[in-house]
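Quick look at query_39.cif (mmCIF, C-alpha atoms):
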data_input
#
loop_
_atom_site.label_atom_id
_atom_site.label_comp_id
_atom_site.auth_asym_id
_atom_site.auth_seq_id
_atom_site.Cartn_x
_atom_site.Cartn_y
_atom_site.Cartn_z
CA MET A 1 -13.14 -17.15 69.74
CA SER A 2 -12.66 -18.05 73.35
CA VAL A 3 -12.16 -15.77 76.36
CA VAL A 4 -10.35 -16.86 79.50
CA SER A 5 -12.44 -16.34 82.62
CA ARG A 6 -10.28 -14.67 85.26
CA GLY A 7 -9.94 -16.80 88.37
CA PHE A 8 -11.47 -19.94 86.83
CA ARG A 9 -9.30 -23.03 87.23
CA GLY A 10 -11.87 -25.77 86.88
CA ARG A 11 -12.14 -28.97 88.82
CA GLY A 12 -10.28 -32.15 88.15
CA ARG A 13 -10.47 -32.92 84.48
CA ASP A 14 -12.94 -35.72 85.34
CA GLY A 15 -10.19 -38.20 86.11
CA GLY A 16 -9.04 -38.70 82.54
CA VAL A 17 -12.47 -40.00 81.50
CA LYS A 18 -13.14 -39.12 77.89
CA LEU A 19 -16.45 -37.30 77.66
CA PRO A 20 -18.11 -35.75 74.60
CA PRO A 21 -17.29 -32.03 74.16
CA GLY A 22 -19.04 -29.71 76.63
CA GLN A 23 -20.23 -32.55 78.88
CA TYR A 24 -19.55 -33.07 82.60
CA LEU A 25 -19.70 -36.22 84.68
CA GLU A 26 -22.91 -36.68 86.69
CA HIS A 27 -23.34 -39.30 89.39
CA GLY A 28 -27.04 -38.81 90.09
CA PHE A 29 -29.69 -39.29 87.44
CA PRO A 30 -31.38 -35.98 86.59
CA VAL A 31 -34.93 -36.01 85.25
CA LEU A 32 -35.83 -33.84 82.26
CA GLN A 33 -39.24 -33.64 80.71
CA ALA A 34 -41.58 -31.02 79.35
CA GLY A 35 -44.65 -31.77 81.46
CA PRO A 36 -46.19 -34.00 84.13
CA THR A 37 -45.25 -37.68 84.28
CA PRO A 38 -48.11 -39.48 82.49
CA PRO A 39 -49.70 -42.45 84.25
CA VAL A 40 -48.95 -45.54 82.17
CA ASN A 41 -50.51 -48.83 83.21
CA THR A 42 -48.94 -52.08 81.98
CA ALA A 43 -52.45 -53.60 81.89
CA THR A 44 -53.34 -51.29 79.01
CA TRP A 45 -49.84 -50.58 77.67
CA SER A 46 -49.13 -51.26 74.04
CA PHE A 47 -46.28 -50.82 71.60
CA THR A 48 -47.13 -50.36 67.93
CA VAL A 49 -44.88 -50.26 64.90
CA THR A 50 -46.53 -48.51 61.94
CA THR A 51 -44.88 -48.82 58.53
CA GLU A 52 -44.84 -46.18 55.81
CA ALA A 53 -47.58 -48.25 54.08
CA GLY A 54 -49.77 -47.94 57.17
CA ASP A 55 -49.40 -51.55 58.29
CA THR A 56 -49.29 -51.92 62.05
CA SER A 57 -48.01 -54.55 64.42
CA ARG A 58 -48.90 -54.27 68.06
CA LEU A 59 -47.60 -55.85 71.26
CA ASP A 60 -49.16 -55.76 74.70
CA TRP A 61 -47.04 -55.79 77.86
CA ARG A 62 -47.14 -59.55 78.25
CA GLN A 63 -46.08 -60.14 74.65
CA PHE A 64 -43.38 -57.45 74.87
CA THR A 65 -41.78 -58.79 78.05
CA ALA A 66 -41.89 -62.35 76.66
CA LEU A 67 -39.51 -61.32 73.86
CA PRO A 68 -35.80 -62.11 74.24
CA ALA A 69 -34.24 -59.36 76.37
CA GLU A 70 -30.67 -58.13 76.73
CA ASP A 71 -28.70 -56.59 79.56
CA ILE A 72 -27.04 -53.41 78.37
CA THR A 73 -24.36 -51.27 80.05
CA VAL A 74 -23.92 -47.92 78.33
CA ASP A 75 -22.85 -44.30 78.84
CA ILE A 76 -25.62 -41.72 78.40
CA HIS A 77 -25.29 -38.07 77.41
CA CYS A 78 -27.94 -35.40 78.02
CA VAL A 79 -28.08 -32.21 75.94
CA THR A 80 -28.17 -30.27 79.24
CA GLN A 81 -24.49 -31.20 79.53
CA TRP A 82 -24.43 -34.11 81.95
CA SER A 83 -23.07 -37.52 81.08
CA LYS A 84 -23.53 -40.63 83.19
CA LEU A 85 -21.23 -43.59 82.67
CA GLY A 86 -21.88 -47.31 82.90
CA THR A 87 -25.67 -47.23 83.34
CA GLY A 88 -27.29 -50.67 83.45
CA TRP A 89 -30.51 -51.47 81.60
CA ARG A 90 -32.54 -54.48 80.49
CA GLY A 91 -34.71 -54.32 77.40
CA VAL A 92 -35.65 -55.65 74.00
CA SER A 93 -33.48 -54.78 71.02
CA VAL A 94 -35.26 -52.70 68.39
CA ASP A 95 -33.93 -55.27 65.89
CA THR A 96 -36.18 -57.81 67.61
CA LEU A 97 -39.15 -55.40 67.55
CA LEU A 98 -38.68 -54.78 63.82
CA ASP A 99 -38.09 -58.43 62.98
CA GLY A 100 -40.31 -59.53 60.08
CA ILE A 101 -41.60 -56.01 59.37
CA ALA A 102 -41.27 -55.07 55.70
CA THR A 103 -40.13 -51.49 55.27
CA SER A 104 -37.87 -49.34 53.17
CA ALA A 105 -38.34 -46.30 55.45
CA ALA A 106 -35.24 -44.21 56.11
CA TYR A 107 -36.55 -42.39 59.20
CA VAL A 108 -38.55 -43.10 62.31
CA MET A 109 -40.67 -41.09 64.72
CA ALA A 110 -40.81 -42.47 68.25
CA ARG A 111 -44.13 -41.74 69.96
CA SER A 112 -44.80 -41.65 73.69
CA TYR A 113 -47.67 -41.62 76.14
CA GLY A 114 -48.30 -37.94 76.95
CA GLY A 115 -47.72 -36.88 73.33
CA TYR A 116 -43.91 -36.64 73.18
CA THR A 117 -42.24 -37.43 69.86
CA THR A 118 -38.65 -37.59 68.58
CA ASN A 119 -37.24 -38.35 65.13
CA MET A 120 -34.09 -40.08 63.90
CA PRO A 121 -32.80 -42.16 61.01
CA LEU A 122 -34.10 -45.72 61.21
CA ALA A 123 -30.54 -47.01 60.77
CA ASP A 124 -29.72 -45.55 64.21
CA LEU A 125 -32.19 -47.94 65.83
CA ARG A 126 -30.88 -51.04 64.01
CA ASP A 127 -27.90 -53.36 64.35
CA GLY A 128 -27.79 -53.53 68.13
CA LYS A 129 -27.72 -49.76 68.66
CA ALA A 130 -31.11 -49.27 70.37
CA TRP A 131 -33.52 -50.94 72.74
CA VAL A 132 -36.89 -50.52 74.41
CA ALA A 133 -35.78 -50.77 78.04
CA TYR A 134 -37.97 -51.70 81.00
CA GLU A 135 -35.45 -52.19 83.81
CA TYR A 136 -32.87 -49.78 85.18
CA GLU A 137 -30.12 -51.08 87.47
CA GLY A 138 -32.00 -54.33 88.07
CA ARG A 139 -35.36 -52.76 88.96
CA PRO A 140 -38.49 -51.88 87.00
CA LEU A 141 -37.91 -48.54 85.27
CA PRO A 142 -39.46 -45.80 87.49
CA PRO A 143 -42.13 -43.58 85.90
CA GLU A 144 -40.04 -40.39 86.20
CA HIS A 145 -37.30 -42.08 84.17
CA GLY A 146 -39.76 -43.21 81.51
CA GLY A 147 -41.25 -46.37 82.96
CA PRO A 148 -42.74 -48.77 82.30
CA ALA A 149 -40.64 -48.69 79.11
CA ARG A 150 -38.51 -46.14 77.27
CA LEU A 151 -36.49 -46.07 74.11
CA LEU A 152 -32.74 -46.34 74.75
CA VAL A 153 -30.51 -44.89 72.00
CA PRO A 154 -27.32 -44.24 73.94
CA HIS A 155 -25.18 -43.04 71.02
CA LEU A 156 -27.43 -39.96 70.57
CA TYR A 157 -28.27 -37.20 73.07
CA PHE A 158 -30.71 -38.60 75.59
CA TRP A 159 -33.82 -36.69 74.43
CA LYS A 160 -33.87 -39.21 71.56
CA SER A 161 -34.35 -41.99 74.15
CA ALA A 162 -38.09 -41.27 74.39
CA LYS A 163 -39.62 -41.93 77.82
CA TRP A 164 -42.98 -43.79 78.04
CA VAL A 165 -42.55 -44.94 74.46
CA THR A 166 -45.62 -46.52 72.89
CA GLY A 167 -44.69 -46.82 69.25
CA LEU A 168 -42.46 -46.26 66.26
CA ASP A 169 -43.75 -44.68 63.05
CA LEU A 170 -41.55 -45.60 60.08
CA MET A 171 -41.29 -42.72 57.61
CA PRO A 172 -39.87 -42.34 54.09
CA HIS A 173 -38.95 -38.71 54.83
CA ASP A 174 -37.68 -37.01 57.97
CA ARG A 175 -40.04 -34.95 60.10
CA HIS A 176 -39.40 -32.99 63.32
CA GLY A 177 -40.31 -34.40 66.71
CA PHE A 178 -41.09 -32.35 69.81
CA TRP A 179 -37.69 -30.86 70.70
CA GLU A 180 -36.47 -30.91 67.10
CA GLU A 181 -39.37 -28.60 66.18
CA LEU A 182 -38.19 -26.27 68.95
CA GLY A 183 -34.70 -25.91 67.50
CA TYR A 184 -32.90 -28.97 68.80
CA HIS A 185 -30.72 -30.91 66.37
CA ASP A 186 -32.26 -33.48 64.01
CA TYR A 187 -29.53 -36.03 64.66
CA GLY A 188 -27.99 -35.16 68.05
CA ASP A 189 -24.56 -36.82 68.05
CA PRO A 190 -22.93 -35.89 71.40
CA TRP A 191 -19.41 -36.51 70.06
CA ARG A 192 -20.01 -33.85 67.40
CA GLU A 193 -21.86 -31.65 69.93
CA GLN A 194 -25.00 -31.48 67.78
CA ARG A 195 -27.21 -29.83 70.42
CA TYR A 196 -29.17 -27.33 68.34
CA GLN A 197 -30.06 -26.88 64.69
CA GLY A 198 -27.03 -25.60 62.80
CA ASP A 199 -24.51 -27.26 65.15
CA MET B 1 -50.13 -25.65 71.48
CA ALA B 2 -48.16 -22.61 70.36
CA ARG B 3 -44.45 -23.09 70.16
CA ALA B 4 -41.67 -20.61 69.57
CA ALA B 5 -39.17 -22.13 67.19
CA VAL B 6 -35.52 -21.26 67.65
CA PRO B 7 -34.32 -20.71 64.10
CA GLY B 8 -30.78 -20.39 62.86
CA ARG B 9 -27.54 -21.27 64.49
CA LEU B 10 -26.84 -20.37 68.10
CA SER B 11 -23.38 -18.87 68.42
CA TRP B 12 -21.22 -18.28 71.48
CA ARG B 13 -21.05 -14.64 72.55
CA VAL B 14 -18.74 -12.91 75.00
CA ALA B 15 -20.47 -11.77 78.21
CA THR B 16 -18.92 -9.17 80.49
CA VAL B 17 -20.06 -8.92 84.10
CA LYS B 18 -21.40 -5.42 84.66
CA GLU B 19 -22.75 -5.80 88.17
CA THR B 20 -23.36 -8.49 90.79
CA ARG B 21 -25.96 -8.58 93.56
CA ASP B 22 -26.23 -11.10 96.39
CA GLU B 23 -29.82 -12.31 96.67
CA THR B 24 -29.37 -14.78 99.55
CA ALA B 25 -26.38 -16.35 101.31
CA THR B 26 -25.96 -18.73 98.35
CA ALA B 27 -27.62 -17.06 95.34
CA ARG B 28 -26.15 -14.22 93.32
CA THR B 29 -27.49 -12.20 90.41
CA LEU B 30 -25.16 -11.24 87.58
CA LEU B 31 -25.97 -8.42 85.16
CA LEU B 32 -24.16 -9.08 81.91
CA ASP B 33 -23.33 -7.02 78.86
CA VAL B 34 -23.64 -9.32 75.84
CA PRO B 35 -23.16 -7.46 72.56
CA GLY B 36 -25.51 -8.91 69.95
CA TRP B 37 -27.73 -10.71 72.47
CA PRO B 38 -31.10 -10.90 70.69
CA GLY B 39 -33.35 -10.98 73.76
CA HIS B 40 -35.37 -13.98 74.87
CA LEU B 41 -38.78 -15.29 75.88
CA PRO B 42 -39.21 -15.46 79.67
CA GLY B 43 -38.55 -19.01 80.84
CA GLN B 44 -35.74 -19.67 78.37
CA HIS B 45 -32.20 -20.48 79.48
CA VAL B 46 -28.66 -19.92 78.38
CA ALA B 47 -25.51 -22.05 78.26
CA VAL B 48 -22.53 -20.54 80.09
CA LYS B 49 -18.97 -21.58 79.21
CA LEU B 50 -16.00 -20.86 81.46
CA THR B 51 -12.49 -21.30 80.11
CA ALA B 52 -9.38 -21.72 82.31
CA PRO B 53 -5.94 -20.39 81.30
CA ASP B 54 -4.88 -23.88 80.15
CA GLY B 55 -7.85 -24.08 77.77
CA TYR B 56 -9.97 -26.39 79.96
CA ALA B 57 -13.60 -25.39 79.61
CA ALA B 58 -16.77 -26.21 81.54
CA GLN B 59 -20.31 -25.39 80.48
CA ARG B 60 -23.70 -25.47 82.21
CA ASP B 61 -27.21 -24.17 81.54
CA TYR B 62 -28.75 -21.37 83.62
CA SER B 63 -32.20 -19.86 83.57
CA ILE B 64 -32.51 -16.23 82.58
CA ALA B 65 -33.87 -14.05 85.39
CA GLY B 66 -34.49 -10.72 83.69
CA ALA B 67 -37.07 -9.41 81.25
CA PRO B 68 -35.85 -9.47 77.64
CA GLU B 69 -33.44 -6.70 76.76
CA ASP B 70 -31.22 -6.36 73.68
CA GLY B 71 -27.54 -6.70 74.53
CA ARG B 72 -28.20 -7.34 78.22
CA LEU B 73 -28.75 -10.49 80.19
CA GLU B 74 -29.52 -11.09 83.86
CA LEU B 75 -28.86 -14.45 85.50
CA THR B 76 -29.38 -15.58 89.09
CA VAL B 77 -27.17 -18.49 90.07
CA GLN B 78 -27.63 -20.72 93.12
CA ARG B 79 -24.22 -21.85 94.37
CA GLN B 80 -23.98 -25.66 94.59
CA ASP B 81 -21.58 -27.17 97.14
CA ASP B 82 -19.58 -28.98 94.48
CA GLY B 83 -20.64 -26.74 91.61
CA GLU B 84 -17.76 -26.21 89.26
CA VAL B 85 -19.45 -23.41 87.34
CA SER B 86 -21.95 -22.11 89.92
CA SER B 87 -19.25 -21.59 92.53
CA TYR B 88 -17.43 -19.36 90.05
CA LEU B 89 -20.49 -17.41 88.90
CA ALA B 90 -21.95 -16.99 92.39
CA GLY B 91 -18.63 -16.70 94.20
CA VAL B 92 -15.65 -15.54 92.15
CA ALA B 93 -16.93 -13.47 89.22
CA GLU B 94 -16.65 -9.68 89.61
CA PRO B 95 -17.53 -6.75 87.39
CA GLY B 96 -15.27 -6.80 84.35
CA ASP B 97 -14.83 -10.56 84.28
CA GLN B 98 -15.73 -12.37 81.06
CA PHE B 99 -17.08 -15.70 79.93
CA GLU B 100 -19.15 -16.99 77.00
CA VAL B 101 -22.88 -17.51 76.66
CA ARG B 102 -25.01 -19.23 74.04
CA GLY B 103 -28.74 -18.92 73.64
CA PRO B 104 -31.53 -18.31 74.19
CA ILE B 105 -32.35 -22.00 74.49
CA GLY B 106 -35.69 -23.73 74.89
CA GLY B 107 -38.94 -22.55 73.38
CA TRP B 108 -41.29 -24.81 75.32
CA PHE B 109 -40.89 -23.64 78.92
CA ALA B 110 -41.56 -20.06 77.80
CA TRP B 111 -44.34 -17.58 78.38
CA PRO B 112 -45.36 -15.32 75.49
CA PRO B 113 -46.59 -12.03 77.04
CA ALA B 114 -49.56 -11.99 74.64
CA ASP B 115 -50.98 -15.15 76.29
CA PRO B 116 -54.39 -14.04 77.61
CA ARG B 117 -54.74 -16.84 80.16
CA PRO B 118 -54.18 -16.33 83.89
CA LEU B 119 -50.64 -17.29 84.79
CA LEU B 120 -49.98 -19.84 87.54
CA LEU B 121 -46.36 -20.24 88.63
CA LEU B 122 -45.01 -22.85 91.05
CA ALA B 123 -41.41 -22.50 92.18
CA GLY B 124 -39.25 -24.74 94.33
CA GLY B 125 -36.05 -23.10 95.58
CA SER B 126 -34.04 -21.48 92.80
CA GLY B 127 -36.74 -22.68 90.38
CA ILE B 128 -38.06 -19.15 90.97
CA VAL B 129 -35.48 -17.75 88.51
CA PRO B 130 -37.18 -18.40 85.13
CA LEU B 131 -40.57 -17.66 86.72
CA MET B 132 -39.21 -14.28 87.89
CA SER B 133 -38.36 -13.55 84.26
CA MET B 134 -42.03 -14.17 83.49
CA ILE B 135 -43.18 -11.88 86.33
CA ARG B 136 -40.80 -9.12 85.21
CA THR B 137 -41.82 -9.52 81.57
CA HIS B 138 -45.48 -9.42 82.60
CA ALA B 139 -44.77 -6.03 84.22
CA GLN B 140 -42.63 -4.81 81.30
CA ALA B 141 -45.44 -5.67 78.87
CA ASN B 142 -47.99 -4.08 81.21
CA SER B 143 -49.99 -7.32 80.98
CA GLN B 144 -53.15 -7.28 83.07
CA VAL B 145 -53.63 -11.04 83.26
CA PRO B 146 -53.66 -12.15 86.91
CA VAL B 147 -50.56 -13.97 88.11
CA ARG B 148 -50.32 -16.30 91.09
CA LEU B 149 -46.97 -17.49 92.33
CA ILE B 150 -46.63 -20.36 94.81
CA TYR B 151 -43.05 -20.32 96.01
CA SER B 152 -41.59 -23.08 98.18
CA ALA B 153 -38.28 -22.36 99.93
CA ARG B 154 -36.52 -23.90 102.88
CA THR B 155 -36.68 -20.84 105.13
CA PRO B 156 -37.58 -17.14 104.69
CA ALA B 157 -33.84 -16.45 104.39
CA ASP B 158 -33.71 -18.65 101.28
CA VAL B 159 -36.32 -16.59 99.40
CA ILE B 160 -34.79 -14.94 96.33
CA TYR B 161 -36.23 -11.56 95.21
CA ALA B 162 -38.28 -11.23 98.45
CA THR B 163 -38.37 -7.42 98.44
CA GLU B 164 -39.08 -7.12 94.73
CA LEU B 165 -41.86 -9.71 94.90
CA ALA B 166 -43.54 -7.87 97.77
CA GLU B 167 -43.37 -4.59 95.84
CA ARG B 168 -44.65 -6.12 92.59
CA GLU B 169 -47.51 -7.67 94.55
CA ARG B 170 -48.47 -4.17 95.71
CA VAL B 171 -48.49 -2.59 92.25
CA SER B 172 -49.52 -5.37 89.83
CA PRO B 173 -52.09 -8.19 89.57
CA LEU B 174 -49.69 -10.60 91.28
CA THR B 175 -50.40 -12.75 94.32
CA VAL B 176 -47.57 -14.58 96.08
CA THR B 177 -47.95 -17.58 98.38
CA HIS B 178 -44.90 -18.63 100.37
CA LEU B 179 -44.25 -22.13 101.67
CA TYR B 180 -41.41 -22.78 104.10
CA THR B 181 -40.38 -26.41 104.27
CA ARG B 182 -37.77 -26.26 107.04
CA THR B 183 -38.73 -23.43 109.36
CA ALA B 184 -41.99 -21.97 110.54
CA PRO B 185 -42.23 -18.46 109.15
CA VAL B 186 -41.67 -15.40 111.30
CA THR B 187 -44.84 -13.38 111.67
CA ALA B 188 -43.31 -10.31 110.02
CA VAL B 189 -43.33 -12.15 106.69
CA ILE B 190 -47.13 -12.37 106.69
CA PRO B 191 -48.51 -9.54 104.60
CA PRO B 192 -50.88 -7.15 106.43
CA ALA B 193 -54.55 -8.18 106.27
CA PRO B 194 -54.19 -10.81 103.57
CA PRO B 195 -57.40 -11.87 101.85
CA ALA B 196 -56.42 -15.48 102.64
CA PRO B 197 -53.49 -17.06 104.45
CA ARG B 198 -50.60 -16.87 102.07
CA VAL B 199 -47.74 -18.16 104.21
CA PHE B 200 -47.63 -21.85 104.99
CA ALA B 201 -45.22 -24.11 106.84
CA GLY B 202 -44.39 -27.43 105.22
CA ARG B 203 -44.46 -28.84 101.74
CA LEU B 204 -46.95 -28.18 98.98
CA ASN B 205 -50.09 -30.28 99.32
CA ALA B 206 -53.56 -30.50 97.80
CA LYS B 207 -55.10 -28.25 100.47
CA VAL B 208 -52.64 -25.40 99.96
CA LEU B 209 -52.97 -25.75 96.20
CA ALA B 210 -56.77 -25.60 96.36
CA ALA B 211 -56.62 -22.52 98.61
CA THR B 212 -54.11 -20.56 96.54
CA ALA B 213 -53.98 -21.66 92.87
CA PHE B 214 -56.38 -20.73 90.08
CA PRO B 215 -58.99 -23.49 89.68
CA PRO B 216 -59.00 -25.50 86.43
CA SER B 217 -62.14 -23.57 85.38
CA ALA B 218 -59.98 -20.42 85.07
CA ASN B 219 -57.90 -22.23 82.39
CA PRO B 220 -54.53 -20.95 83.57
CA ALA B 221 -51.21 -21.36 81.79
CA ILE B 222 -49.07 -23.24 84.32
CA PHE B 223 -45.30 -23.32 84.76
CA VAL B 224 -43.56 -25.45 87.39
CA CYS B 225 -39.82 -25.19 88.06
CA GLY B 226 -37.61 -26.56 90.79
CA PRO B 227 -35.83 -29.68 92.00
CA SER B 228 -37.13 -32.91 90.51
CA GLY B 229 -39.02 -33.99 93.65
CA PHE B 230 -40.84 -30.66 93.90
CA VAL B 231 -41.80 -30.68 90.21
CA GLU B 232 -42.98 -34.30 90.36
CA THR B 233 -45.16 -33.57 93.42
CA ALA B 234 -46.49 -30.24 92.19
CA SER B 235 -47.38 -31.47 88.70
CA ALA B 236 -49.09 -34.59 90.11
CA LEU B 237 -51.13 -32.40 92.51
CA LEU B 238 -52.12 -30.10 89.63
CA VAL B 239 -53.27 -33.04 87.48
CA ALA B 240 -55.17 -34.51 90.46
CA ALA B 241 -56.87 -31.12 90.98
CA GLY B 242 -58.20 -31.30 87.43
CA HIS B 243 -55.72 -29.23 85.41
CA PRO B 244 -55.22 -30.79 81.93
CA PRO B 245 -51.66 -32.19 81.66
CA GLY B 246 -51.20 -30.27 78.40
CA THR B 247 -51.50 -26.91 80.23
CA ILE B 248 -48.66 -27.74 82.65
CA LYS B 249 -45.10 -27.01 81.53
CA THR B 250 -42.25 -28.20 83.71
CA GLU B 251 -38.54 -27.58 84.08
CA ARG B 252 -36.41 -29.53 86.55
CA PHE B 253 -32.92 -29.46 87.87
CA GLY B 254 -30.81 -31.75 90.01
CA PRO B 255 -30.47 -35.51 90.12
CA THR B 256 -33.04 -37.80 91.69
#
Can the structure from this file be put into structure tokens for me?
Amino acid sequence: MSVVSRGFRGRGRDGGVKLPPGQYLEHGFPVLQAGPTPPVNTATWSFTVTTEAGDTSRLDWRQFTALPAEDITVDIHCVTQWSKLGTGWRGVSVDTLLDGIATSAAYVMARSYGGYTTNMPLADLRDGKAWVAYEYEGRPLPPEHGGPARLLVPHLYFWKSAKWVTGLDLMPHDRHGFWEELGYHDYGDPWREQRYQGD
Amino acid sequence: MARAAVPGRLSWRVATVKETRDETATARTLLLDVPGWPGHLPGQHVAVKLTAPDGYAAQRDYSIAGAPEDGRLELTVQRQDDGEVSSYLAGVAEPGDQFEVRGPIGGWFAWPPADPRPLLLLAGGSGIVPLMSMIRTHAQANSQVPVRLIYSARTPADVIYATELAERERVSPLTVTHLYTRTAPVTAVIPPAPPAPRVFAGRLNAKVLAATAFPPSANPAIFVCGPSGFVETASALLVAAGHPPGTIKTERFGPT
């Protein structure tokens, strides 16, 4: 079912750029978050991976930024319908962060300073598909965009790219994170327009 | 913290414009008939999809302005200069025109009318819209919890719902503080014999907040909505004043 809106022509069809369904091209960088920006100090920052057996491995900021980093240029897609193309980041691949960690977990919960959480299959963070990023366009990642470090999972809607990330909990079974509990999609593939549960 | 889950699948519904009302030179309210619309919690938003004759479609999210009502929906849309959808909704659409809506969306930035805490609302520009839904729902539910609204706009002419806010202030436990960031206010805007100054020139700061907001000891539920810069400033001031971050819910629009 689709009704035509009288008098609506629409703008240019975004110059032939192929965007996921329902998205529009944004040139700024909107900020979306549920509450105040939490103060996160790199002097006390830590990143902890917890396995399904309860084993933990922890990095402080110095150890984290000493890991091999990659420059990444990716398109990002927000569930609030904007897409931004060719964004430049620098960060550590999640493959590197999980290196040497024994797990058979199928899912992961990303945890952030301030209490935010988001869930996804662990496979979506592996094989060069996800990073913990700490620079944006050549500068330290600003706090309102998730600095000092955020998860970057560009092939899923951007709420999965948890700002102020401080850890990954590996889980044998899927559980809902913050927005997922509120009705947002468990997986969130923008190309299949998986915005809300049932999509 | 209590959360309202959004169960089931959200489907697109046809909305028919029943009435439009200009609120300011650039903001327009649309009253919509939406058969099957289930109502909403104040603060939630809706996706709007416009379709052109050639099948091209554009969709955006808009905050709901009205109190919940089955089958009816009220939006207020601020026209953006290059806004593909807002320029249609707040410029072209007339009674009888149709588009599609999907929602309600978002169960976090939402105020349940049974919440017994005082309600503190901070609006920047058209960020007033979802907060107005809360104020209207507060009245609809005959809630007696005190409400304070701090509303920052560029000039008095940019204030949306000015008349209605003044009237609701008279008849309900609502107090409104206006901030004008671009123009000093005209004296006529100042309410007669206010208990404290409630019209300020300039941007929100710690002094104005301390003079007009509930203190942390009152344990208010806090909602902040507006452009990103306003929300960042306001929420930082609230945290600095001693409000626990977990009591502050934010919604932002616009790029940084």
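In this comparison, which uses all atoms listed in the file, the residue of B:Ala25, B:Ala114, B:Glu84, B:Leu10 approaching Gln140 (chain B) most closely is B:Ala114.
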Using all atoms listed in the file, I'd like a table of the residues in chain A that come within 9 Å of chain B; for each, show the closest atom pair and its distance in Å rounded to one decimal, ordered by chain and ascending number, as a tab-separated table.
residue	atom	partner	partner_atom	distance
A:Met1	CA	B:Trp12	CA	8.3
A:Ser2	CA	B:Thr51	CA	7.5
A:Val3	CA	B:Phe99	CA	6.1
A:Val4	CA	B:Thr51	CA	5.0
A:Ser5	CA	B:Gln98	CA	5.4
A:Arg6	CA	B:Asp97	CA	6.2
A:Gly7	CA	B:Val92	CA	7.0
A:Phe8	CA	B:Ala52	CA	5.3
A:Arg9	CA	B:Ala52	CA	5.1
A:Gly10	CA	B:Glu84	CA	6.4
A:Arg11	CA	B:Glu84	CA	6.3
A:Arg13	CA	B:Tyr56	CA	8.0
A:Gly22	CA	B:Gln59	CA	5.9
A:Gln23	CA	B:Gln59	CA	7.3
A:Tyr24	CA	B:Ala58	CA	7.5
A:Glu26	CA	B:Pro255	CA	8.4
A:His27	CA	B:Pro255	CA	8.1
A:Gly28	CA	B:Pro255	CA	4.8
A:Phe29	CA	B:Pro255	CA	4.7
A:Pro30	CA	B:Pro255	CA	3.7
A:Val31	CA	B:Ser228	CA	6.5
A:Leu32	CA	B:Arg252	CA	6.1
A:Gln33	CA	B:Thr250	CA	6.9
A:Ala34	CA	B:Thr250	CA	5.2
A:Gly35	CA	B:Lys249	CA	4.8
A:Pro36	CA	B:Ser235	CA	5.4
A:Thr37	CA	B:Glu232	CA	7.3
A:Pro38	CA	B:Pro245	CA	8.2
A:Thr80	CA	B:Asp61	CA	6.6
A:Gln81	CA	B:Arg60	CA	6.4
A:Trp82	CA	B:Arg60	CA	8.7
A:Gly114	CA	B:Pro245	CA	8.2
A:Glu144	CA	B:Glu232	CA	7.9
A:Trp179	CA	B:Trp108	CA	8.4
A:Glu181	CA	B:Ala5	CA	6.6
A:Leu182	CA	B:Ala5	CA	4.6
A:Gly183	CA	B:Val6	CA	4.7
A:Tyr184	CA	B:Val6	CA	8.2
A:Tyr196	CA	B:Leu10	CA	7.3
A:Gln197	CA	B:Arg9	CA	6.2
A:Gly198	CA	B:Arg9	CA	4.7
A:Asp199	CA	B:Arg9	CA	6.7
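Near Leu122 (chain A), within 9 Å and counting all atoms listed in the file, sit A:Ala105, A:Ala106, A:Tyr107, A:Val108, A:Met109, A:Leu170, A:Met171; same-chain residues fewer than 5 positions away were not included.
Excluding Arg111 (chain A) and any residue on its chain fewer than 2 positions from it, the residues at most 10 Å away by only C-alpha atoms are Phe47, Thr48, Val49, Val108, Met109, Tyr113, Gly114, Gly115, Tyr116, Thr117, Thr118, Asn119, Leu151, Ala162, Lys163, Trp164, Val165, Thr166, Gly167, Leu168, Asp169, Gly177 and Phe178 of chain A.
As for CA of Lys18 (chain A) and CA of Gly88 (chain A), they are spaced 19.1 Å apart.
Going from CA of Gln80 (chain B) to CA of Ser63 (chain B) covers 14.9 Å.
The shortest atom-to-atom distance to Ile160 (chain B), with all atoms listed in the file taken into account, belongs to B:Gly127 out of B:Gly66, B:Gly226, B:Gly127, B:Gly71.
Here the residues that fall within 10 Å of (-27.8, -51.6, 69.1), using only C-alpha atoms, are given as Ile72, Ser93, Val94, Asp95, Ala123, Asp124, Leu125, Arg126, Asp127, Gly128, Lys129, Ala130, Trp131, Leu152, Val153, Pro154 and His155 of chain A.
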Is it possible to produce a file of region 46-57 of chain B from this structure, with C-alpha atoms, as a PDB file, in the first residue's frame?
ATOM      1  CA  VAL B  46       6.532   9.036  14.105  1.00  0.00           C
ATOM      2  CA  ALA B  47       8.096   8.326  10.711  1.00  0.00           C
ATOM      3  CA  VAL B  48       6.473  10.197   7.815  1.00  0.00           C
ATOM      4  CA  LYS B  49       6.788   8.899   4.245  1.00  0.00           C
ATOM      5  CA  LEU B  50       5.997  11.037   1.211  1.00  0.00           C
ATOM      6  CA  THR B  51       5.657   9.404  -2.189  1.00  0.00           C
ATOM      7  CA  ALA B  52       5.951  11.271  -5.520  1.00  0.00           C
ATOM      8  CA  PRO B  53       3.961  10.289  -8.629  1.00  0.00           C
ATOM      9  CA  ASP B  54       7.001   8.466 -10.051  1.00  0.00           C
ATOM     10  CA  GLY B  55       7.262   6.300  -6.936  1.00  0.00           C
ATOM     11  CA  TYR B  56      10.202   8.184  -5.376  1.00  0.00           C
ATOM     12  CA  ALA B  57       9.736   8.261  -1.624  1.00  0.00           C
TER      13      ALA B  57
END
